[in-house]
Amino acid sequence: MFFQTEFTHVIELFQLPFMQRALLGGILTGIMGGVLGSFTILRQLSFFCDALGHSALLGISLGYLLGLNPSLVLLPFAVIFALAVSYLLEHTRLWTDALLNIIYSSSLAIAIIILSFVGQYKGGLNNLLFGDILAVQQLDLVLSSLLLIVCTIYIGMTLRTQMLLTVDESLAIARGVSVSTQRTVFIVLLSLVVGISIKSIGVLLVSAFVVIPACAARLMSRTFTHYVLLSAGLGALSAVLGMVSSAWFNLPSGPSIVATQLAIFLTAMVIPRLRSVTHSPSTLPPQV
Amino acid sequence: MKESVLTVEHLTVYRETYKAVQDVSFSLESGTDTSIVGPNGGGKTTLVQAILGILPRHSGEITILGQPLSRKGYLPANLRQQIAYLPQNFLVDRRIPMTVNELVGLGWDKLGFQLPWANHKKRSHAVRSALKRVNASHLKDQLIGGLSGGETKRVLLAYCLVYPRRLLILDEAPAGLDIKAESEFYDLLYQLKQEQDWAILQISHDLNMVRQHCDRVLCINRTLRCQGTPEVALSPNSLSALYGTDFVQYHHSH
């Protein structure tokens, strides 16, 4: 009886337009994060993605300081910032993780200082850090859909190139692939995905959408194509399950989605171990 | 009739501030097997990487299949797909979920903007043939991260063979192969050279193998010290000049 009442309640909730927009936004972000994430983790750009998310706060705060719409400032800022960081990483002799640490912690600090001057935004810092997927608007969905189409076409049509680049750059160059062009396009797409997703899931959790579904898919895949598709599928699935559990238990939506991603990842970790335990022959010596 | 596949003129390449290759000139014809020999750090890999456009060159000209390689390493796609390269240190990240079938398939045809399933049947057929040719059909569904060093070399060779080429560049390719696989490897190179007119350029440290299998030798120690047939280029005097030490030759049978 309790279950049926709660189920009806959730169904009613998802009939509300803002919940439908949130669900669709989550699915679109999940798919985009999954597709790009599958290459991001293999190219060891997870921390780069995290730094990008944290630094986006600087873009938003600059928008407020200059009296501009932060959403309009965020995307160009994310792209320029990502390209600048990418250039720095290629042209300095410092360790990548150390350099990224400097960039993301200092941009976070500067952003908080700027926001402290912008009195009207003090109360909304929580939304920036953790996002508010329920506030997703029609325009956000249009932008996400367009970006998903671009990402799908680009990754789909250059899949073999991306695969070879991921395996070995020198093999790709020998085949005439312009590594710098491919890298730049990928970084731009990744920064746009991060920038668009921040409104829904906030600067602290955005990298989870890129990293966790891809890691779970990696644990469950044996071919590259399967891996990319599964990563996208798990991104979408975790968004749906996370939204439903958020509605069911009245939990914050963004963190619920990330918690669902974690549950999927843990399941993906455990399943192969269980399978190997149940299928492996006994290791005990035969009894005489 | 032999045709020119690769021409290198007055090539100079820097690695950061160090002049790794200086004023090297040579040419390669179809249906020939040329070996680059020289001491460690002598610029052999740098030379090959500059020819492929992996490293930028400081000066000199490189012409591949009649087309000049641009300063930025650009060569038209239809020519690029006629070159295959097997690198010296191919370290596979064991976490990449890619099967041998998928890796070898990446060597097929050009890599431009195309649907991922385009020419799937032709590609699958070519992959099967290439794997069979290097005796690696049984590895087709294995993950590349789980291969041994020798198996990885064979799979990479299949990656090179999966599409008809004109120029095959190998950087210490047989290293890691057992005696049988090495012998099969050289037989295969001979077939490619004789029957399909491929030009082969390979870096090698095994001078006896070079003597036995190659038509021509380039002795490199930052610059081209000598070139010619194995008899000429691998004479004790040439080798002593190349490696900077007195050379005594011992022959072995394989």
# chains A, B, ... in the order shown; residues from 1 in each chain; ligands from 1
$ residues_around --residues "stretch 161-169 of chain B" --least-positions-apart "4" --cutoff "10 Å" --atoms "only C-alpha atoms" --output "number ranges by chain"
A: 174; B: 5-6, 28-35, 48-49, 51-52, 64-65, 79-87, 104-110, 123-131, 133-134, 155-157, 173, 189, 192-193, 196-203
$ residues_around --residues "A:Met19" --least-positions-apart "4" --cutoff "12 Å" --atoms "only C-alpha atoms" --output "count of residues only"
22
$ closest_atom_pairs --of "chain B" --to "chain A" --cutoff "6 Å" --atoms "only C-alpha atoms" --output "Markdown table"
| residue | atom | partner | partner_atom | distance |
| --- | --- | --- | --- | --- |
| B:Leu52 | CA | A:Ala174 | CA | 5.4 |
| B:Ile54 | CA | A:Ile173 | CA | 5.9 |
| B:Arg80 | CA | A:Arg175 | CA | 5.6 |
| B:Pro97 | CA | A:Phe224 | CA | 5.4 |
| B:Met98 | CA | A:Phe224 | CA | 5.0 |
| B:Thr99 | CA | A:Thr223 | CA | 5.8 |
| B:Leu111 | CA | A:Thr161 | CA | 5.7 |
| B:Phe113 | CA | A:Met157 | CA | 5.1 |
| B:Gln114 | CA | A:Met157 | CA | 4.8 |
| B:Leu115 | CA | A:Met157 | CA | 5.0 |
$ closest_residue --among "A:Leu229, A:Leu75, A:Leu57, A:Ile31" --to "A:Gly202" --atoms "only C-alpha atoms"
A:Leu57
$ closest_residue --among "A:Leu36, A:Val118, A:Cys49, A:Ile271" --to "A:Leu204" --atoms "only C-alpha atoms"
A:Cys49
$ atom_distance --atom1 "atom CA of A:Leu205" --atom2 "atom CA of A:Leu146"
22.5 Å
$ residues_around --residues "B:Pro56" --least-positions-apart "3" --cutoff "8 Å" --atoms "only C-alpha atoms" --output "MDAnalysis selection string"
chainID B and resid 13 50 53 71:73
$ write_last_selection --atoms "N, CA and C atoms" --output "mmCIF file, in the first residue's frame"
data_model
loop_
_atom_site.group_PDB
_atom_site.id
_atom_site.type_symbol
_atom_site.label_atom_id
_atom_site.label_comp_id
_atom_site.auth_asym_id
_atom_site.auth_seq_id
_atom_site.Cartn_x
_atom_site.Cartn_y
_atom_site.Cartn_z
ATOM 1 N N VAL B 13 67.473 17.462 -38.100
ATOM 2 C CA VAL B 13 66.386 17.441 -37.112
ATOM 3 C C VAL B 13 66.961 17.711 -35.724
ATOM 4 N N ALA B 50 61.059 11.824 -38.150
ATOM 5 C CA ALA B 50 60.994 13.032 -38.992
ATOM 6 C C ALA B 50 60.412 12.683 -40.365
ATOM 7 N N GLY B 53 56.791 12.574 -40.073
ATOM 8 C CA GLY B 53 56.135 13.816 -39.655
ATOM 9 C C GLY B 53 55.806 13.836 -38.172
ATOM 10 N N ARG B 71 56.233 21.020 -44.033
ATOM 11 C CA ARG B 71 56.975 21.290 -42.786
ATOM 12 C C ARG B 71 56.178 20.829 -41.567
ATOM 13 N N LYS B 72 54.839 20.936 -41.671
ATOM 14 C CA LYS B 72 53.999 20.537 -40.533
ATOM 15 C C LYS B 72 53.659 19.050 -40.571
ATOM 16 N N GLY B 73 54.268 18.330 -41.524
ATOM 17 C CA GLY B 73 54.061 16.883 -41.583
ATOM 18 C C GLY B 73 52.848 16.463 -42.379
#
$ residues_around --residues "B:Thr63" --least-positions-apart "3" --cutoff "10 Å" --atoms "only C-alpha atoms" --output "list in words"
Ser4, Val5, Leu6, Thr7, Val8, Glu9, Ser27, Ile51, Gly66, Gln67, Pro68, Leu69, Ser70 and Leu75 of chain B
$ write_last_selection --atoms "N, CA, C and O atoms" --output "PDB file, in the first residue's frame"
ATOM      1  N   SER B   4      60.849   5.375 -57.276  1.00  0.00           N
ATOM      2  CA  SER B   4      61.285   6.009 -56.031  1.00  0.00           C
ATOM      3  C   SER B   4      60.097   6.135 -55.071  1.00  0.00           C
ATOM      4  O   SER B   4      59.043   6.645 -55.432  1.00  0.00           O
ATOM      5  N   VAL B   5      60.268   5.660 -53.870  1.00  0.00           N
ATOM      6  CA  VAL B   5      59.207   5.712 -52.871  1.00  0.00           C
ATOM      7  C   VAL B   5      59.483   6.812 -51.847  1.00  0.00           C
ATOM      8  O   VAL B   5      58.578   7.525 -51.422  1.00  0.00           O
ATOM      9  N   LEU B   6      60.746   6.953 -51.506  1.00  0.00           N
ATOM     10  CA  LEU B   6      61.108   7.949 -50.483  1.00  0.00           C
ATOM     11  C   LEU B   6      62.430   8.609 -50.861  1.00  0.00           C
ATOM     12  O   LEU B   6      63.388   7.917 -51.216  1.00  0.00           O
ATOM     13  N   THR B   7      62.433   9.936 -50.791  1.00  0.00           N
ATOM     14  CA  THR B   7      63.687  10.665 -51.009  1.00  0.00           C
ATOM     15  C   THR B   7      63.905  11.630 -49.846  1.00  0.00           C
ATOM     16  O   THR B   7      63.002  12.398 -49.503  1.00  0.00           O
ATOM     17  N   VAL B   8      65.062  11.549 -49.237  1.00  0.00           N
ATOM     18  CA  VAL B   8      65.406  12.447 -48.131  1.00  0.00           C
ATOM     19  C   VAL B   8      66.621  13.259 -48.567  1.00  0.00           C
ATOM     20  O   VAL B   8      67.625  12.688 -49.006  1.00  0.00           O
ATOM     21  N   GLU B   9      66.497  14.592 -48.486  1.00  0.00           N
ATOM     22  CA  GLU B   9      67.612  15.446 -48.938  1.00  0.00           C
ATOM     23  C   GLU B   9      68.031  16.433 -47.846  1.00  0.00           C
ATOM     24  O   GLU B   9      67.203  17.224 -47.377  1.00  0.00           O
ATOM     25  N   SER B  27      67.815   7.767 -50.673  1.00  0.00           N
ATOM     26  CA  SER B  27      66.527   7.500 -51.313  1.00  0.00           C
ATOM     27  C   SER B  27      66.224   6.008 -51.234  1.00  0.00           C
ATOM     28  O   SER B  27      67.124   5.184 -51.014  1.00  0.00           O
ATOM     29  N   ILE B  51      60.774  11.514 -40.881  1.00  0.00           N
ATOM     30  CA  ILE B  51      60.242  11.080 -42.185  1.00  0.00           C
ATOM     31  C   ILE B  51      58.716  10.928 -42.100  1.00  0.00           C
ATOM     32  O   ILE B  51      57.990  11.261 -43.028  1.00  0.00           O
ATOM     33  N   GLY B  66      56.404  10.669 -54.392  1.00  0.00           N
ATOM     34  CA  GLY B  66      56.341  11.783 -55.338  1.00  0.00           C
ATOM     35  C   GLY B  66      55.774  13.066 -54.761  1.00  0.00           C
ATOM     36  O   GLY B  66      55.712  14.088 -55.450  1.00  0.00           O
ATOM     37  N   GLN B  67      55.349  13.049 -53.527  1.00  0.00           N
ATOM     38  CA  GLN B  67      54.721  14.232 -52.920  1.00  0.00           C
ATOM     39  C   GLN B  67      55.580  14.752 -51.777  1.00  0.00           C
ATOM     40  O   GLN B  67      55.951  13.971 -50.884  1.00  0.00           O
ATOM     41  N   PRO B  68      55.911  16.049 -51.773  1.00  0.00           N
ATOM     42  CA  PRO B  68      56.733  16.554 -50.654  1.00  0.00           C
ATOM     43  C   PRO B  68      55.954  16.549 -49.341  1.00  0.00           C
ATOM     44  O   PRO B  68      54.778  16.914 -49.316  1.00  0.00           O
ATOM     45  N   LEU B  69      56.640  16.138 -48.284  1.00  0.00           N
ATOM     46  CA  LEU B  69      56.048  16.193 -46.941  1.00  0.00           C
ATOM     47  C   LEU B  69      56.174  17.628 -46.462  1.00  0.00           C
ATOM     48  O   LEU B  69      57.282  18.177 -46.456  1.00  0.00           O
ATOM     49  N   SER B  70      55.048  18.238 -46.083  1.00  0.00           N
ATOM     50  CA  SER B  70      55.110  19.656 -45.687  1.00  0.00           C
ATOM     51  C   SER B  70      55.869  19.808 -44.360  1.00  0.00           C
ATOM     52  O   SER B  70      56.093  18.826 -43.651  1.00  0.00           O
ATOM     53  N   LEU B  75      50.702  15.244 -45.495  1.00  0.00           N
ATOM     54  CA  LEU B  75      50.807  14.475 -46.733  1.00  0.00           C
ATOM     55  C   LEU B  75      49.372  14.086 -47.082  1.00  0.00           C
ATOM     56  O   LEU B  75      48.609  13.733 -46.178  1.00  0.00           O
TER      57      LEU B  75
END
$ residues_around --residues "B:Pro174" --least-positions-apart "5" --cutoff "9 Å" --atoms "only C-alpha atoms" --output "list in words"
Gly150, Lys153, Ala181, Glu182, Phe185, Tyr186 and Ser204 of chain B
$ write_last_selection --atoms "N, CA, C and O atoms" --output "compact mmCIF listing (two decimals), in the first residue's frame"
# COMPACT_ATOMS: atom_id res chain seq x y z
N GLY B 150 55.84 -10.31 -27.57
CA GLY B 150 55.93 -10.91 -28.90
C GLY B 150 54.59 -10.89 -29.62
O GLY B 150 54.51 -10.60 -30.82
N LYS B 153 53.84 -7.45 -30.92
CA LYS B 153 54.58 -7.16 -32.15
C LYS B 153 53.88 -7.78 -33.36
O LYS B 153 53.76 -7.16 -34.41
N ALA B 181 59.38 -17.00 -34.58
CA ALA B 181 58.58 -15.84 -35.01
C ALA B 181 59.45 -14.84 -35.77
O ALA B 181 59.01 -14.22 -36.74
N GLU B 182 60.72 -14.72 -35.35
CA GLU B 182 61.62 -13.79 -36.02
C GLU B 182 61.92 -14.25 -37.45
O GLU B 182 61.91 -13.46 -38.38
N PHE B 185 58.95 -13.65 -39.47
CA PHE B 185 58.85 -12.21 -39.70
C PHE B 185 59.69 -11.78 -40.90
O PHE B 185 59.22 -11.07 -41.80
N TYR B 186 60.93 -12.28 -40.95
CA TYR B 186 61.80 -11.91 -42.07
C TYR B 186 61.32 -12.54 -43.38
O TYR B 186 61.45 -11.92 -44.45
N SER B 204 67.60 -1.51 -37.16
CA SER B 204 67.97 -2.79 -36.56
C SER B 204 69.32 -2.71 -35.85
O SER B 204 70.19 -1.93 -36.23
$ select_by_dssp --residues "stretch 12-229 of chain B" --states "helix (DSSP H, G or I)" --output "VMD selection string"
chain B and resid 44 to 52 77 to 80 100 to 105 120 to 133 137 to 139 144 to 146 149 to 161 179 to 196 207 to 213
$ select_by_dssp --residues "stretch 57-253 of chain B" --states "strand (DSSP E or B)" --output "PyMOL selection string"
chain B and resi 59-64+67-68+83-86+99+143+167-171+199-203+216-221+223-228
$ residues_around --residues "A:Gly53" --least-positions-apart "6" --cutoff "7 Å" --atoms "only C-alpha atoms" --output "PyMOL selection string"
chain A and resi 194+203-204+206-207
$ residues_around --residues "A:Val258" --least-positions-apart "2" --cutoff "8 Å" --atoms "only C-alpha atoms" --output "list of chain:residue names"
A:Leu205, A:Ala208, A:Phe209, A:Ser238, A:Gly242, A:Gly254, A:Pro255, A:Ser256, A:Thr260, A:Gln261, A:Leu262
$ atom_distance --atom1 "atom CA of B:Gly146" --atom2 "atom CA of B:Leu91"
11.8 Å
$ atom_distance --atom1 "atom CA of A:Leu234" --atom2 "atom CA of A:Leu100"
27.8 Å
$ closest_residue --among "A:Ile196, A:Leu237, A:Ala51, A:Ala216" --to "A:Leu72" --atoms "only C-alpha atoms"
A:Ile196
